[in-house]
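Quick notes on the structure that follows.
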Amino acid sequence: MFVSFTDWEFDGNVDNAVEGIRANWAEMQKYGAVNTRCTVTGENTLRTMTLWSSQELLEANVDKIRALATSASGMSPTSGMTGPLAVELD
């Protein structure tokens with residue numbers, strides 16, 4: 001499994017941002033996303049963490065997903081990182 005983290009700026013309306021993420025979830029899954037989580041990190045900033053089924057799908061699609069989210073929700077990515085999942089605990 002592989003993970004992408006993206007930091008976003010948005011208008012400060014968390015409900016609208018969350019709704020935009022929810023609205024894009026089915027499309028994200030088509031590109032290989034397995035799970036996504038979102039954390040409010042500031043007044044107008046969020047960080048998303050998306051789990052991908054393979055490195056190949058992540059590398060091929062992470063920029064598409066970020067562009068999709070930007071156009072659908074009005075959020076703007078400010079930074080991003082990717083890497084292999086080291087451990088998952090439930």
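Following the order of the structure tokens, first chain is A, next is B, and so on, with residues numbered from 1 inside each chain and ligands from 1 in the order they appear.
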Next on the checklist: Set the distance at 7 Å and use only C-alpha atoms: which residues neighbour Thr48 of chain A once local chain neighbours fewer than 6 positions away are removed? I'd like the list as a VMD selection string.
Outcome noted: chain A and resid 5 to 7 36 to 39
Those same residues, written as a PDB file, in the first residue's frame with C-alpha atoms?
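Okay, this is what ended up in out-v8.pdb:
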ATOM      1  CA  PHE A   5      -0.618  13.440   1.739  1.00  0.00           C
ATOM      2  CA  THR A   6      -1.864  16.739   0.347  1.00  0.00           C
ATOM      3  CA  ASP A   7      -2.089  20.065   2.135  1.00  0.00           C
ATOM      4  CA  THR A  36      -9.074   8.830   2.378  1.00  0.00           C
ATOM      5  CA  ARG A  37      -9.012  10.915   5.537  1.00  0.00           C
ATOM      6  CA  CYS A  38      -9.092  14.638   6.062  1.00  0.00           C
ATOM      7  CA  THR A  39      -7.797  16.680   8.988  1.00  0.00           C
TER       8      THR A  39
END
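By only C-alpha atoms, and with residues fewer than 3 positions from Asn35 of chain A along its chain excluded, the set lying at most 10 Å from it is Val3, Trp25, Met28, Gln29, Gly32, Met49, Thr50, Leu51, Trp52 and Ser53 of chain A.
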Checklist entry - Of the residues A:Val87, A:Arg47, A:Val40, A:Pro77, which is the one nearest to Ile65 of chain A, using only C-alpha atoms? => result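 When distances to Ile65 of chain A are compared using only C-alpha atoms, the smallest one comes from A:Pro77.
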Item to check | Expected answer as a ChimeraX atom specification: helix (DSSP H, G or I) residues in chain A | outcome: /A:14-30,55-73
Deliver the residues from the most recent selection as a file, using C-alpha atoms, as a PDB file, in the first residue's frame.
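This is the output file part_31.pdb:
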ATOM      1  CA  VAL A  14     -15.165  23.051   6.520  1.00  0.00           C
ATOM      2  CA  ASP A  15     -18.626  21.683   5.691  1.00  0.00           C
ATOM      3  CA  ASN A  16     -18.246  22.701   2.031  1.00  0.00           C
ATOM      4  CA  ALA A  17     -14.750  21.234   1.858  1.00  0.00           C
ATOM      5  CA  VAL A  18     -15.915  17.941   3.349  1.00  0.00           C
ATOM      6  CA  GLU A  19     -18.874  17.821   0.963  1.00  0.00           C
ATOM      7  CA  GLY A  20     -16.522  18.346  -1.975  1.00  0.00           C
ATOM      8  CA  ILE A  21     -14.300  15.505  -0.807  1.00  0.00           C
ATOM      9  CA  ARG A  22     -17.315  13.227  -0.354  1.00  0.00           C
ATOM     10  CA  ALA A  23     -18.631  14.135  -3.806  1.00  0.00           C
ATOM     11  CA  ASN A  24     -15.300  13.128  -5.370  1.00  0.00           C
ATOM     12  CA  TRP A  25     -14.855   9.870  -3.497  1.00  0.00           C
ATOM     13  CA  ALA A  26     -16.383   7.579  -6.145  1.00  0.00           C
ATOM     14  CA  GLU A  27     -14.162   9.111  -8.816  1.00  0.00           C
ATOM     15  CA  MET A  28     -11.096   8.760  -6.586  1.00  0.00           C
ATOM     16  CA  GLN A  29     -11.859   5.061  -6.154  1.00  0.00           C
ATOM     17  CA  LYS A  30     -11.917   4.636  -9.938  1.00  0.00           C
ATOM     18  CA  GLN A  55       2.591   2.587  -6.158  1.00  0.00           C
ATOM     19  CA  GLU A  56       1.812   2.475  -9.877  1.00  0.00           C
ATOM     20  CA  LEU A  57      -1.773   3.688  -9.382  1.00  0.00           C
ATOM     21  CA  LEU A  58      -0.646   6.402  -6.995  1.00  0.00           C
ATOM     22  CA  GLU A  59       2.033   7.692  -9.363  1.00  0.00           C
ATOM     23  CA  ALA A  60      -0.279   7.539 -12.382  1.00  0.00           C
ATOM     24  CA  ASN A  61      -3.236   9.221 -10.716  1.00  0.00           C
ATOM     25  CA  VAL A  62      -2.364  11.401  -7.720  1.00  0.00           C
ATOM     26  CA  ASP A  63      -2.053  14.543  -9.860  1.00  0.00           C
ATOM     27  CA  LYS A  64      -5.373  13.745 -11.573  1.00  0.00           C
ATOM     28  CA  ILE A  65      -7.062  13.388  -8.192  1.00  0.00           C
ATOM     29  CA  ARG A  66      -5.578  16.647  -6.932  1.00  0.00           C
ATOM     30  CA  ALA A  67      -6.750  18.450 -10.080  1.00  0.00           C
ATOM     31  CA  LEU A  68     -10.212  16.905  -9.754  1.00  0.00           C
ATOM     32  CA  ALA A  69     -10.484  18.044  -6.145  1.00  0.00           C
ATOM     33  CA  THR A  70      -9.279  21.527  -7.057  1.00  0.00           C
ATOM     34  CA  SER A  71     -11.894  22.002  -9.777  1.00  0.00           C
ATOM     35  CA  ALA A  72     -14.765  20.402  -7.863  1.00  0.00           C
ATOM     36  CA  SER A  73     -14.254  21.953  -4.440  1.00  0.00           C
TER      37      SER A  73
END
Next on the checklist: Which of chain A end up as strand (DSSP E) when DSSP is run on this backbone - answer as a PyMOL selection string?
Outcome noted: chain A and resi 2-9+33-42+45-52+76-84
Keeping only C-alpha atoms, take the residues you just selected and write them out as a short mmCIF file (atom, residue, chain, number, x, y, z; two decimals), in the first residue's frame.
data_model
loop_
_atom_site.label_atom_id
_atom_site.label_comp_id
_atom_site.auth_asym_id
_atom_site.auth_seq_id
_atom_site.Cartn_x
_atom_site.Cartn_y
_atom_site.Cartn_z
CA PHE A 2 1.09 3.55 -0.71
CA VAL A 3 -0.03 6.88 0.73
CA SER A 4 -0.37 10.43 -0.55
CA PHE A 5 -0.62 13.44 1.74
CA THR A 6 -1.86 16.74 0.35
CA ASP A 7 -2.09 20.07 2.14
CA TRP A 8 -4.90 22.32 0.95
CA GLU A 9 -6.06 25.89 1.35
CA ALA A 33 -7.80 5.18 -4.00
CA VAL A 34 -8.69 2.76 -1.20
CA ASN A 35 -9.26 5.11 1.74
CA THR A 36 -9.07 8.83 2.38
CA ARG A 37 -9.01 10.92 5.54
CA CYS A 38 -9.09 14.64 6.06
CA THR A 39 -7.80 16.68 8.99
CA VAL A 40 -8.47 20.36 9.63
CA THR A 41 -5.03 21.85 10.27
CA GLY A 42 -5.88 25.54 10.47
CA THR A 45 -6.16 24.63 5.73
CA LEU A 46 -6.72 20.87 5.50
CA ARG A 47 -4.51 17.83 5.06
CA THR A 48 -5.76 14.77 3.26
CA MET A 49 -4.26 11.31 3.49
CA THR A 50 -5.21 8.87 0.75
CA LEU A 51 -4.31 5.20 0.75
CA TRP A 52 -3.64 3.63 -2.66
CA SER A 76 -5.97 24.66 -3.75
CA PRO A 77 -3.15 22.22 -3.02
CA THR A 78 -0.18 23.84 -1.30
CA SER A 79 2.08 20.81 -0.89
CA GLY A 80 2.08 17.05 -1.20
CA MET A 81 4.12 13.99 -0.36
CA THR A 82 3.87 10.30 -1.21
CA GLY A 83 5.45 7.13 0.05
CA PRO A 84 5.03 3.50 1.03
#
